[in-house]
Every structure is written in C-alpha cells, then in structure tokens.
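Quick look at protein.txt (compact mmCIF, C-alpha atoms):
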# COMPACT_ATOMS: atom_id res chain seq x y z
CA MET T 1 81.19 -23.13 32.80
CA ILE T 2 77.69 -23.71 31.37
CA ARG T 3 79.08 -26.70 29.52
CA ARG T 4 80.39 -28.18 32.72
CA ILE T 5 77.09 -27.61 34.54
CA THR T 6 75.14 -29.32 31.74
CA LEU T 7 77.59 -32.20 31.88
CA VAL T 8 77.08 -32.62 35.63
CA LEU T 9 73.31 -32.32 35.20
CA MET T 10 73.32 -35.00 32.54
CA LEU T 11 75.37 -37.28 34.75
CA VAL T 12 72.92 -36.73 37.63
CA ILE T 13 69.97 -37.52 35.35
CA ILE T 14 71.63 -40.69 34.08
CA PHE T 15 72.41 -41.75 37.64
CA GLY T 16 68.80 -41.05 38.64
CA VAL T 17 67.46 -43.20 35.79
CA PHE T 18 69.88 -45.93 36.80
CA VAL T 19 68.70 -45.86 40.43
CA LEU T 20 65.04 -45.80 39.33
CA SER T 21 65.57 -48.85 37.17
CA MET T 22 67.24 -50.65 40.07
CA ILE T 23 64.17 -50.16 42.31
CA ASP T 24 62.09 -52.27 39.96
CA LEU T 25 64.67 -55.03 39.88
CA GLN T 26 63.03 -57.13 42.57
CA SER T 27 59.92 -57.71 40.49
CA LEU T 28 61.99 -58.35 37.36
CA TYR T 29 64.27 -60.84 39.07
CA ASN T 30 62.64 -64.21 39.24
CA THR T 31 63.79 -67.75 38.67
CA SER T 32 61.19 -68.92 36.16
CA GLY T 33 63.59 -68.72 33.24
CA LYS T 34 66.31 -70.52 35.14
CA ASP T 35 63.92 -73.24 36.22
CA TYR T 36 62.70 -73.75 32.66
CA PHE T 37 66.21 -74.06 31.23
CA PHE T 38 67.25 -76.36 34.06
CA ALA T 39 64.29 -78.68 33.51
CA ASN T 40 64.11 -78.76 29.70
CA GLY T 41 67.35 -77.30 28.37
CA VAL T 42 69.35 -80.49 27.92
CA PHE T 43 66.58 -82.36 26.09
CA GLU T 44 65.51 -79.47 23.90
CA THR T 45 68.95 -78.34 22.77
CA GLY T 46 71.14 -81.42 23.25
CA SER T 47 73.73 -79.35 25.08
CA LEU T 48 75.04 -80.22 28.53
CA ASN T 49 76.51 -76.73 28.76
CA LEU T 50 73.36 -74.66 29.02
CA VAL T 51 75.15 -71.48 28.02
CA THR T 52 75.89 -73.01 24.63
CA GLY T 53 72.33 -74.29 24.49
CA ILE T 54 71.02 -70.78 24.99
CA TYR T 55 73.28 -68.90 22.60
CA LEU T 56 73.10 -71.46 19.79
CA ASP T 57 69.49 -72.55 20.09
CA TYR T 58 67.13 -70.42 22.14
CA ARG T 59 68.86 -67.14 21.34
CA LEU T 60 70.65 -67.78 18.04
CA PHE T 61 69.19 -64.52 16.70
CA ASP T 62 71.23 -62.57 19.28
CA SER T 63 74.39 -64.57 18.51
CA LEU T 64 74.08 -63.75 14.82
CA PHE T 65 74.34 -60.05 15.55
CA GLU T 66 77.19 -60.71 17.94
CA ALA T 67 79.01 -62.44 15.09
CA GLY T 68 78.09 -59.54 12.83
CA ILE T 69 79.67 -57.04 15.20
CA LEU T 70 83.07 -58.66 14.69
CA ILE T 71 82.77 -58.42 10.90
CA VAL T 72 81.83 -54.75 11.19
CA ALA T 73 84.78 -54.14 13.53
CA VAL T 74 87.25 -55.88 11.20
CA SER T 75 85.90 -54.01 8.18
CA GLY T 76 86.19 -50.72 10.08
CA VAL T 77 89.80 -51.36 11.05
CA MET T 78 90.64 -52.28 7.47
CA TRP T 79 88.91 -49.17 6.15
CA ILE T 80 90.77 -46.87 8.50
CA SER T 81 94.18 -48.39 7.76
CA GLN T 82 93.86 -48.33 3.97
CA HIS T 83 96.06 -46.11 1.83
CA GLU T 84 96.77 -45.67 -1.86
CA ILE T 85 100.56 -45.64 -1.79
CA GLU T 86 102.27 -48.39 -3.69
CA GLU T 87 104.43 -50.28 -1.24
CA LYS T 88 105.20 -53.53 -2.98
CA ASN T 89 108.94 -52.95 -3.01
CA ALA T 90 109.14 -51.56 0.48
CA THR T 91 111.95 -53.23 2.35
CA PHE T 92 112.11 -52.35 5.97
CA MET T 93 115.54 -52.98 7.29
CA PHE T 94 114.87 -52.49 10.95
CA ASP T 95 111.30 -53.65 11.04
CA LYS T 96 111.59 -55.51 14.29
CA GLN T 97 112.48 -55.23 17.87
CA LYS T 98 114.76 -58.19 18.26
CA THR T 99 112.60 -60.83 19.90
CA PRO T 100 114.50 -62.55 22.72
CA ASN T 101 115.59 -66.10 21.94
CA LEU T 102 114.04 -67.40 25.14
CA PHE T 103 110.67 -66.02 24.09
CA VAL T 104 110.95 -67.53 20.60
CA THR T 105 111.83 -70.99 21.93
CA PHE T 106 109.09 -70.89 24.52
CA SER T 107 106.55 -69.75 21.92
CA ARG T 108 107.50 -72.66 19.66
CA LEU T 109 106.97 -75.01 22.58
CA VAL T 110 103.63 -73.56 23.62
CA TYR T 111 102.15 -72.93 20.17
CA PRO T 112 100.84 -76.46 19.40
CA LEU T 113 99.48 -76.81 22.92
CA MET T 114 97.56 -73.55 22.61
CA LEU T 115 96.23 -74.49 19.20
CA GLY T 116 95.14 -77.89 20.50
CA PHE T 117 93.48 -76.40 23.56
CA GLY T 118 91.63 -73.85 21.43
CA ILE T 119 90.29 -76.54 19.12
CA TYR T 120 89.33 -78.65 22.15
CA VAL T 121 87.38 -75.74 23.64
CA ILE T 122 85.58 -75.16 20.32
CA VAL T 123 84.64 -78.78 19.67
CA ASN T 124 83.66 -79.51 23.27
CA GLY T 125 81.66 -76.31 23.57
CA HIS T 126 78.42 -78.18 24.20
CA VAL T 127 79.73 -80.44 27.00
CA SER T 128 82.26 -78.32 28.88
CA PRO T 129 82.70 -74.59 29.50
CA GLY T 130 83.73 -72.79 26.36
CA GLY T 131 82.37 -72.57 22.87
CA GLY T 132 82.98 -70.94 19.56
CA PHE T 133 83.90 -67.45 20.72
CA GLN T 134 86.20 -68.51 23.56
CA GLY T 135 87.92 -71.23 21.56
CA GLY T 136 88.28 -68.91 18.60
CA ALA T 137 89.97 -66.31 20.78
CA ILE T 138 92.42 -68.93 22.08
CA VAL T 139 93.21 -70.14 18.55
CA ALA T 140 93.71 -66.51 17.49
CA THR T 141 96.17 -65.97 20.35
CA ALA T 142 98.09 -69.05 19.24
CA ILE T 143 98.29 -67.76 15.67
CA LEU T 144 99.33 -64.30 16.88
CA ILE T 145 102.29 -65.86 18.67
CA LEU T 146 103.59 -66.87 15.24
CA TYR T 147 104.19 -63.20 14.49
CA TYR T 148 106.61 -63.08 17.40
CA ILE T 149 108.41 -66.18 16.18
CA ASP T 150 108.72 -64.88 12.63
CA ILE T 151 108.00 -61.19 12.11
CA ASN T 152 108.26 -61.46 8.32
CA LYS T 153 105.17 -63.63 8.10
CA THR T 154 102.74 -62.16 5.61
CA THR T 155 98.99 -62.46 5.74
CA ASP T 156 96.52 -61.42 3.09
CA VAL T 157 93.96 -59.60 5.20
CA ALA T 158 91.52 -59.03 2.34
CA LYS T 159 91.32 -62.77 1.74
CA ILE T 160 90.69 -63.38 5.45
CA LEU T 161 87.85 -60.88 5.38
CA THR T 162 86.29 -62.66 2.40
CA ILE T 163 86.47 -66.03 4.17
CA GLU T 164 84.90 -64.44 7.23
CA LYS T 165 81.98 -63.09 5.22
CA ILE T 166 81.39 -66.53 3.65
CA LEU T 167 81.46 -68.13 7.11
CA PHE T 168 78.94 -65.60 8.38
CA ILE T 169 76.58 -66.41 5.51
CA LEU T 170 77.06 -70.14 6.27
CA ILE T 171 76.10 -69.58 9.90
CA VAL T 172 72.93 -67.76 8.87
CA LEU T 173 72.11 -70.52 6.35
CA ILE T 174 72.60 -73.33 8.88
CA GLY T 175 70.43 -71.40 11.33
CA SER T 176 67.75 -71.09 8.66
CA VAL T 177 67.61 -74.80 7.73
CA GLY T 178 65.23 -75.23 10.66
CA LEU T 179 62.61 -73.36 8.63
CA ILE T 180 62.29 -76.40 6.34
CA THR T 181 62.63 -79.22 8.88
CA ARG T 182 60.99 -77.67 11.91
CA GLY T 183 59.02 -74.71 10.65
CA GLU T 184 61.00 -72.33 12.85
CA VAL T 185 63.92 -70.15 11.90
CA PHE T 186 67.18 -69.76 13.91
CA THR T 187 67.01 -72.94 15.94
CA ASN T 188 68.25 -76.54 15.78
CA PHE T 189 67.28 -78.16 12.50
CA PHE T 190 66.69 -81.55 14.12
CA THR T 191 63.13 -81.95 15.38
CA LEU T 192 62.48 -81.85 19.12
CA SER T 193 61.92 -85.60 19.39
CA THR T 194 65.38 -86.63 18.06
CA SER T 195 68.02 -87.79 20.51
CA THR T 196 70.39 -85.32 22.16
CA ASN T 197 73.37 -86.96 20.41
CA LEU T 198 72.00 -86.08 17.00
CA LYS T 199 71.16 -82.57 18.10
CA SER T 200 74.72 -81.98 19.19
CA ILE T 201 75.85 -82.32 15.55
CA TYR T 202 74.22 -78.97 14.88
CA LEU T 203 75.87 -77.43 17.96
CA ILE T 204 79.33 -78.71 17.00
CA ALA T 205 78.94 -77.49 13.42
CA LEU T 206 77.90 -74.00 14.50
CA ASN T 207 80.62 -73.85 17.18
CA ILE T 208 83.31 -74.73 14.63
CA LEU T 209 82.01 -72.12 12.19
CA ILE T 210 81.82 -69.41 14.86
CA GLY T 211 85.24 -70.40 16.23
CA THR T 212 86.89 -70.16 12.82
CA LYS T 213 85.19 -66.84 12.16
CA VAL T 214 86.28 -65.33 15.48
CA ALA T 215 89.85 -66.58 15.09
CA LEU T 216 90.13 -65.16 11.59
CA GLY T 217 88.60 -61.86 12.69
CA MET T 218 91.04 -61.43 15.58
CA VAL T 219 94.01 -62.31 13.36
CA ALA T 220 92.80 -59.82 10.76
CA ILE T 221 92.50 -57.01 13.33
CA PHE T 222 95.95 -57.79 14.75
CA THR T 223 97.52 -57.96 11.29
CA ALA T 224 95.94 -54.64 10.35
CA PHE T 225 97.50 -53.09 13.47
CA LEU T 226 100.86 -54.73 12.76
CA LYS T 227 101.00 -53.66 9.13
CA GLU T 228 99.58 -50.20 9.77
CA GLY T 229 101.51 -47.76 7.63
CA ARG T 230 103.50 -50.55 6.02
CA MET Y 1 87.31 -68.57 53.20
CA SER Y 2 86.67 -68.16 49.49
CA GLU Y 3 84.57 -65.08 50.30
CA TYR Y 4 87.58 -63.36 51.77
CA ILE Y 5 89.70 -64.26 48.76
CA SER Y 6 86.99 -62.82 46.55
CA TYR Y 7 86.86 -59.58 48.59
CA GLY Y 8 90.64 -59.31 48.48
CA LEU Y 9 90.67 -59.78 44.71
CA GLN Y 10 87.98 -57.13 44.27
CA VAL Y 11 90.02 -54.63 46.28
CA LEU Y 12 93.07 -55.55 44.19
CA LEU Y 13 91.02 -54.96 41.04
CA ILE Y 14 90.20 -51.41 42.15
CA VAL Y 15 93.83 -50.74 43.08
CA ILE Y 16 95.02 -51.97 39.68
CA ALA Y 17 92.37 -49.92 37.88
CA ILE Y 18 93.57 -46.76 39.65
CA ALA Y 19 97.19 -47.67 38.91
CA ILE Y 20 96.37 -48.08 35.20
CA VAL Y 21 94.95 -44.55 35.11
CA PHE Y 22 97.79 -42.85 36.96
CA HIS Y 23 100.85 -44.82 35.85
CA LYS Y 24 103.31 -43.10 33.53
CA ARG Y 25 105.17 -45.88 31.75
CA ASN Y 26 103.27 -47.45 28.88
CA PHE Y 27 104.66 -50.97 29.03
CA THR Y 28 103.97 -51.25 32.75
CA ILE Y 29 100.38 -50.20 32.02
CA ILE Y 30 100.07 -53.07 29.53
CA ILE Y 31 101.19 -55.56 32.17
CA LEU Y 32 98.69 -54.04 34.59
CA ILE Y 33 95.89 -54.37 32.04
CA ALA Y 34 96.77 -58.04 31.55
CA THR Y 35 96.74 -58.52 35.34
CA PHE Y 36 93.36 -56.82 35.52
CA GLY Y 37 91.97 -59.27 32.96
CA LEU Y 38 93.41 -62.24 34.82
CA ILE Y 39 91.97 -61.20 38.19
CA ALA Y 40 88.59 -60.43 36.61
CA ALA Y 41 88.68 -63.93 35.09
CA ILE Y 42 89.37 -65.48 38.51
CA LEU Y 43 86.42 -63.55 39.92
CA TYR Y 44 84.16 -64.74 37.10
CA LEU Y 45 85.23 -68.30 37.84
CA MET Y 46 84.53 -67.89 41.56
CA ASN Y 47 81.06 -66.58 40.69
CA LYS Y 48 80.44 -69.71 38.59
CA ALA Y 49 80.76 -68.26 35.11
CA PRO Y 50 83.54 -70.35 33.56
CA ASP Y 51 82.50 -69.52 29.98
CA VAL Y 52 82.94 -65.81 30.57
CA ALA Y 53 86.19 -66.48 32.41
CA ILE Y 54 87.72 -68.27 29.41
CA ALA Y 55 86.71 -65.43 27.10
CA GLU Y 56 88.11 -62.85 29.52
CA VAL Y 57 91.47 -64.66 29.81
CA ALA Y 58 91.82 -65.01 26.05
CA ILE Y 59 90.71 -61.49 25.13
CA GLY Y 60 91.57 -59.40 28.17
CA SER Y 61 94.95 -60.76 29.07
CA ALA Y 62 96.28 -62.05 25.76
CA ILE Y 63 94.97 -60.34 22.65
CA ILE Y 64 94.41 -56.82 23.98
CA PRO Y 65 97.93 -56.57 25.54
CA LEU Y 66 99.43 -57.94 22.31
CA ILE Y 67 97.66 -55.26 20.27
CA TYR Y 68 98.75 -52.58 22.74
CA VAL Y 69 102.36 -53.77 22.61
CA VAL Y 70 102.34 -53.51 18.83
CA SER Y 71 100.68 -50.08 18.78
CA ILE Y 72 102.97 -48.59 21.42
CA SER Y 73 106.16 -49.90 19.85
CA ARG Y 74 104.92 -48.33 16.61
CA GLN Y 75 104.71 -44.97 18.36
CA ARG Y 76 108.37 -45.10 19.33
CA GLU Y 77 109.58 -45.69 15.79
CA PHE Y 78 111.48 -43.15 13.70
CA ILE Y 79 110.87 -44.12 10.08
CA VAL Y 80 113.45 -42.93 7.57
CA LEU Y 81 113.03 -43.29 3.82
CA ASP Y 82 116.39 -43.34 2.06
CA ARG Y 83 116.16 -42.07 -1.52
CA ALA Y 84 119.84 -41.21 -1.94
CA GLN Y 85 121.28 -44.72 -1.53
CA ASP Y 86 124.88 -43.87 -2.33
CA GLY Y 87 126.90 -44.57 0.76
CA PHE Y 88 125.33 -42.00 3.02
CA ILE Y 89 123.87 -45.06 4.66
CA THR Y 90 125.38 -48.38 3.63
CA TYR Y 91 123.37 -51.54 4.00
CA GLY Y 92 124.64 -54.97 4.72
CA GLU Y 93 125.03 -57.18 7.74
CA THR Y 94 125.63 -54.09 9.82
CA PHE Y 95 124.70 -50.57 8.93
CA SER Y 96 127.32 -47.90 8.60
CA GLY Y 97 127.98 -44.61 6.88
CA GLU Y 98 127.94 -40.98 7.90
CA GLY Y 99 124.17 -40.64 7.78
CA TYR Y 100 123.57 -43.77 9.75
CA GLU Y 101 125.82 -42.64 12.56
CA ILE Y 102 124.04 -39.30 12.82
CA LEU Y 103 120.58 -40.88 12.79
CA ASP Y 104 121.60 -43.61 15.21
CA GLN Y 105 122.93 -41.06 17.66
CA PHE Y 106 119.79 -38.99 17.18
CA VAL Y 107 117.29 -41.78 17.89
CA LYS Y 108 119.33 -43.05 20.81
CA SER Y 109 119.27 -39.67 22.50
CA TYR Y 110 115.46 -39.58 22.23
CA ASP Y 111 114.89 -43.24 23.12
CA LEU Y 112 113.32 -44.12 19.78
CA SER Y 113 114.02 -47.02 17.47
CA LEU Y 114 115.29 -46.38 13.98
CA ASN Y 115 113.50 -47.93 11.03
CA LEU Y 116 115.15 -47.53 7.65
CA CYS Y 117 113.40 -48.25 4.38
CA VAL Y 118 114.04 -47.83 0.68
CA ASP Y 119 112.05 -48.09 -2.53
CA ILE Y 120 108.71 -46.64 -1.57
CA ARG Y 121 107.23 -44.56 -4.32
CA GLY Y 122 104.84 -41.70 -3.72
CA SER Y 123 104.80 -38.00 -3.07
CA GLU Y 124 106.22 -36.61 0.15
CA GLN Y 125 102.83 -35.38 1.32
CA ASP Y 126 101.25 -38.80 0.89
CA LEU Y 127 104.15 -40.64 2.51
CA THR Y 128 104.08 -38.56 5.66
CA SER Y 129 100.32 -38.55 6.01
CA GLN Y 130 99.55 -42.15 5.07
CA LEU Y 131 102.65 -44.17 5.87
CA ASN Y 132 103.92 -42.14 8.85
CA VAL Y 133 107.34 -41.64 7.31
CA ASP Y 134 109.23 -39.20 9.54
CA LEU Y 135 112.24 -38.34 7.41
CA ILE Y 136 113.08 -38.52 3.71
CA ILE Y 137 116.72 -38.42 2.59
CA THR Y 138 117.45 -37.10 -0.90
CA LYS Y 139 120.65 -35.96 -2.58
CA ASP Y 140 121.30 -32.74 -4.46
CA THR Y 141 123.97 -33.95 -6.92
CA THR Y 142 124.92 -30.50 -8.27
CA ARG Y 143 125.91 -29.12 -4.90
CA ASN Y 144 126.83 -32.50 -3.36
CA LEU Y 145 124.37 -31.91 -0.56
CA TYR Y 146 122.27 -34.37 1.39
CA ILE Y 147 118.82 -33.03 2.17
CA LEU Y 148 116.84 -34.40 5.10
CA LYS Y 149 113.17 -33.54 4.71
CA GLY Y 150 110.51 -33.85 7.36
CA LYS Y 151 107.19 -32.50 8.44
CA SER Y 152 107.22 -28.95 9.78
CA SER Y 153 104.82 -29.97 12.53
CA SER Y 154 107.27 -32.52 13.92
CA VAL Y 155 109.16 -31.32 17.00
CA LEU Y 156 112.00 -33.68 16.23
CA MET Y 157 112.97 -31.78 13.07
CA SER Y 158 114.23 -28.72 14.94
CA LYS Y 159 116.18 -31.01 17.26
CA LEU Y 160 117.72 -32.70 14.24
CA ARG Y 161 118.64 -29.33 12.74
CA GLN Y 162 120.44 -28.41 15.97
CA MET Y 163 122.36 -31.65 15.76
CA VAL Y 164 123.66 -31.31 12.19
CA LYS Y 165 124.25 -27.55 12.10
CA ASP Y 166 128.07 -27.93 12.01
CA LYS Y 167 128.02 -30.44 9.16
CA PRO Y 168 128.40 -28.60 5.82
CA ASN Y 169 127.12 -31.34 3.53
CA ILE Y 170 123.80 -31.92 5.27
CA ARG Y 171 120.81 -29.64 5.20
CA VAL Y 172 117.54 -30.09 7.05
CA GLU Y 173 114.39 -28.95 5.30
CA VAL Y 174 110.83 -28.94 6.44
CA PHE Y 175 107.67 -28.86 4.40
CA LYS Y 176 104.10 -28.38 5.41
CA GLY Y 177 103.16 -31.99 5.82
CA GLY Y 178 99.87 -33.58 5.13
CA GLU Y 179 98.43 -34.29 8.54
CA SER Y 180 97.44 -37.85 9.13
CA ASN Y 181 93.70 -38.27 8.97
CA ASP Y 182 93.28 -40.77 11.77
Here is the file; what I need is its structure written in the form of structure tokens.
Amino acid sequence: MIRRITLVLMLVIIFGVFVLSMIDLQSLYNTSGKDYFFANGVFETGSLNLVTGIYLDYRLFDSLFEAGILIVAVSGVMWISQHEIEEKNATFMFDKQKTPNLFVTFSRLVYPLMLGFGIYVIVNGHVSPGGGFQGGAIVATAILILYYIDINKTTDVAKILTIEKILFILIVLIGSVGLITRGEVFTNFFTLSTSTNLKSIYLIALNILIGTKVALGMVAIFTAFLKEGR
Amino acid sequence: MSEYISYGLQVLLIVIAIAIVFHKRNFTIIILIATFGLIAAILYLMNKAPDVAIAEVAIGSAIIPLIYVVSISRQREFIVLDRAQDGFITYGETFSGEGYEILDQFVKSYDLSLNLCVDIRGSEQDLTSQLNVDLIITKDTTRNLYILKGKSSSVLMSKLRQMVKDKPNIRVEVFKGGESND
C-alpha cells in the first residue's frame, strides 16, 4: 500500500515538474536558431538538407555519441547471448519455419531495389531527405531479407563488431582532421571559404561511414537474435 | 483537408496503441506495431520531417517487426537433442521412427514446432540453461530403455509423462535444471 502511494506521489511530482517546465517554454521558443541556419547553413556546411548540415557539421559531437550508442547496444546484445558450449557440430534438422515460396520470390525481386534505394539515401543525404542513419537502416533491412531467402546463411558477428569499431574510430578521426586544417575539432575539415561542392565531399564521406556502421550494427543485432541459443 | 486526415490518423494511432496493449495473439500484435510505425511515419511526413519519417519506416515498421517475429517463433520451439541416434528417430528426407511420432504428436497438440538436433556436446545443466534445449534423449542399453530427460521446472514434462505412460520402453526423467540467466 505504502509502495503504491509513493509510486503515485512520484508520478504526481514528475508530472508537476513537466508542467512547470512547459510554462517556461514560451521564452525558450524563439526562431533565432532557425533564422541563422536558414541564412547561413547552406554556405557554411555545403549541405542543401539542413538536417544533415546540423548533425554532421554544427552538432557532430552529438552524432558521435549517437553512433556510440549503437556500438554499446550491439556489444550488450552479444554479451548477453554468449555461451561456452561447443556447438560447431550442431545440426538443426528443423531449424526453419518453411518460408512460403511467394515470399521468397518476392524478396529476391525486391532485394536489389531496396539495396539500391538504401545506398541512394546514404549518398544523397546532403541534398535530399535521408542520410547515414536512415540509409543504413534501409540497407540493413535489405540484408535481413536474405535470411528469409536462405535461412542457412552464416554471419560472423564478432567480425562485424570489429569492423564497426574500426568505422567508429574512422568517423572520430575524420571529424578531428578539422583541428589541423581549421583549428576546430568535430566540424568540416574544409575551410569556410571553400565552395559548397568541395565541402560536400566531407558530408558524403561521413554519411557513407555512418551508413555502413548502422547497417552492420543492425545486422549484428538481428543475427544475434536469430542465432540465440544456437 | 489535410488537417482532418492528420486528426484521423492521430485517433487511429491511439486506437492501435490500445489494441497493441490488449490484444492476445502475438503475431497480430506484430502487424499492429508495424502499422503504428507506418502511421507515425505518415504523420512525421505531414509535419514536414521527412528525415525522421524515413528512419521511422525503416526501423519501426521493418526491423523491429522482423526481430519480434524471430523472437516469438523462437518461443514456440520445442528443442530436442537426440543422443541415442539408433532408429528411435530416423533422419532422412522425412523423419520417422517411434520417438518421432510421439514427439510430433506431442508438439502438435500444444501448437509448438519441433526442432531436432544432434551432436551438441556439453553437460545437461549447461545445455538447458544456455542453449534452451527442452528435451534430451538418451538410451540405457542394458535395459533397452529410452530415457527422455528435461527440466523439472518445465510444465511440458509432466504432460509428456502422461502421454507416454503406457509405453514400456520409454521413461521420462526430470532433473533440477540450471535456470537460464537472462
């Protein structure tokens, strides 16, 4: 009973804090940031899609931790699903729900299109909606469909995790090159006066790295779930 | 006009969210979750956030349902480790044998799917706790007896014992299993 009362009290307090923070919202909400990005964003970052401009240039520091979260999540899933039993010779006779033929054929048809669309979204992240994370998720979905086409596909998850770590270090390094060329860390390594076309090289490179990393991470998580207890 | 569509979609979102909580059948819930992600993505798009919409479609209505499908179908599996391998269950194009018929009948009556495996080494405790093996078949050659071993905490074991009680060459044993640590 006391437990329940404390629970309700805590909920009321949290709700009160929430309402109190909402009262101040009017003074917090202003358009100065929006106006600044609208006026200078394209020239400073070289990205027509301002969202990409913000998360790869102005706020790369935040994006790094976002990329780090995925590595931590993948490592956690791998750690939970580990076991010491030797299972090299394990042959599972019934290890599949029979995938319907219609689904297999349709997956084969759709797979290249999905892969192509994912890569398009990654590479065009700075001109059209999308970017590394979104494109990576689409590519991951395309790769996951392969498991439904052929359930016996094997993936070395430990190797994927290693590649992911290397990619993460690469992202940090590319973000840090700006320290030499521009004197600032975690921003575009081309100086502010260079043309937007040159600047977009940096955006495309980072988008491809982040896209690959996200795709590999999602595949690793899915594989860990699929092979759990196998 | 688009306002009204947006309001309608928001109401639908709430309805689907309530349905997800109260629905009983797991696979229907997965479809509902995918629908939820799709409608949320449409709403993001209508509120001029196409980047978020793409992410929501890819994650919320493709990857998450796929992971759920895999996890739930894993729950409905009855994993049997065959250590006897002498005709109790015969392998080939189709499975047959006395043991297979019993197990097949058993899993069908409880709406599970049978998963047979051979050649996994390890102690019984480790197998049940780490690899989720439900049943281990061994053979007592001196008495010509097949022994089906399973965790004592599993409800299915007593059901299985009921099923094979009039078969003289099969005995069901339970042991105090190592509980899974996750």
Write out as JSON an axis-aligned box for segment 6-12 of chain Y: all of its atoms listed in the file, 3 Å added on each side, centre and edge lengths in Å with one decimal.
{"center_x": 90.0, "center_y": -58.7, "center_z": 46.4, "size_x": 12.2, "size_y": 14.2, "size_z": 10.4}
### Query
Could you write out as a PyMOL selection string the residues of chain Y within 8 Å of chain T, counting all atoms listed in the file?
chain Y and resi 50-51+54-55+58-59+62-63+67+70-71+114-122+126-127+130-132+182
### Query
In Å to one decimal, how far is atom CA of Lys176 of chain Y from atom CA of Ser152 of chain Y?
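Straight-line distance from atom CA of Ser152 of chain Y to atom CA of Lys176 of chain Y works out to 5.4 Å.
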#### Entry: Nearest-residue call for Glu173 of chain Y, choices Y:Ile18, Y:Leu103, Y:Leu145, Y:Ile89, using all atoms listed in the file
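Among the listed residues, the smallest separation from Glu173 of chain Y belongs to Y:Leu145.
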### Task
Have a look at atom CA of Tyr120 of chain T and atom CA of Glu56 of chain Y and let me know their distance in Å, one decimal.
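Value for the atom CA of Tyr120 of chain T-atom CA of Glu56 of chain Y distance: 17.5 Å.
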### Task
May I have the residues within 6 Å of Lys199 of chain T as a count of residues only, using all atoms listed in the file and disregarding those fewer than 3 positions away in the same chain?
3
### Query
By how many Å are atom CA of Thr155 of chain T and atom CA of Leu38 of chain Y apart?
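Separating atom CA of Thr155 of chain T from atom CA of Leu38 of chain Y is a distance of 29.6 Å.
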Polymer residues at most 10 Å from Leu160 of chain Y, all atoms listed in the file, same-chain spacing of 3 or more positions, as a short mmCIF file (atom, residue, chain, number, x, y, z; two decimals) with C-alpha atoms, in the frame of the given file:
data_model
loop_
_atom_site.label_atom_id
_atom_site.label_comp_id
_atom_site.auth_asym_id
_atom_site.auth_seq_id
_atom_site.Cartn_x
_atom_site.Cartn_y
_atom_site.Cartn_z
CA ILE Y 102 124.04 -39.30 12.82
CA LEU Y 103 120.58 -40.88 12.79
CA PHE Y 106 119.79 -38.99 17.18
CA VAL Y 107 117.29 -41.78 17.89
CA LEU Y 148 116.84 -34.40 5.10
CA VAL Y 155 109.16 -31.32 17.00
CA LEU Y 156 112.00 -33.68 16.23
CA MET Y 157 112.97 -31.78 13.07
CA MET Y 163 122.36 -31.65 15.76
CA VAL Y 164 123.66 -31.31 12.19
CA LYS Y 165 124.25 -27.55 12.10
CA VAL Y 172 117.54 -30.09 7.05
#
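Here the question is which of T:Asn40, T:Thr105, T:Ser195, T:Ser21 gets nearest to Gly53 of chain T using all atoms listed in the file, and that residue is T:Asn40.
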### Task
Using all atoms listed in the file, give me every residue within 12 Å of (104.3, -66.5, 11.1) in file coordinates, as JSON, numbers by chain.
{"T": [104, 107, 108, 111, 142, 143, 144, 145, 146, 147, 148, 149, 150, 151, 152, 153, 154, 155, 219, 223]}
### Nearest to Ser153 of chain Y by atom-to-atom distance, counting all atoms listed in the file, from Y:Phe175, Y:Phe36, Y:Tyr4, Y:Tyr44
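Going through Y:Phe175, Y:Phe36, Y:Tyr4, Y:Tyr44 one by one, the smallest distance to Ser153 of chain Y is for Y:Phe175.
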### Message
Set the distance at 6 Å and use all atoms listed in the file: which residues neighbour Gly150 of chain Y once local chain neighbours fewer than 4 positions away are removed? I'd like the list as JSON, numbers by chain.
### Response
{"Y": [134, 135, 174]}
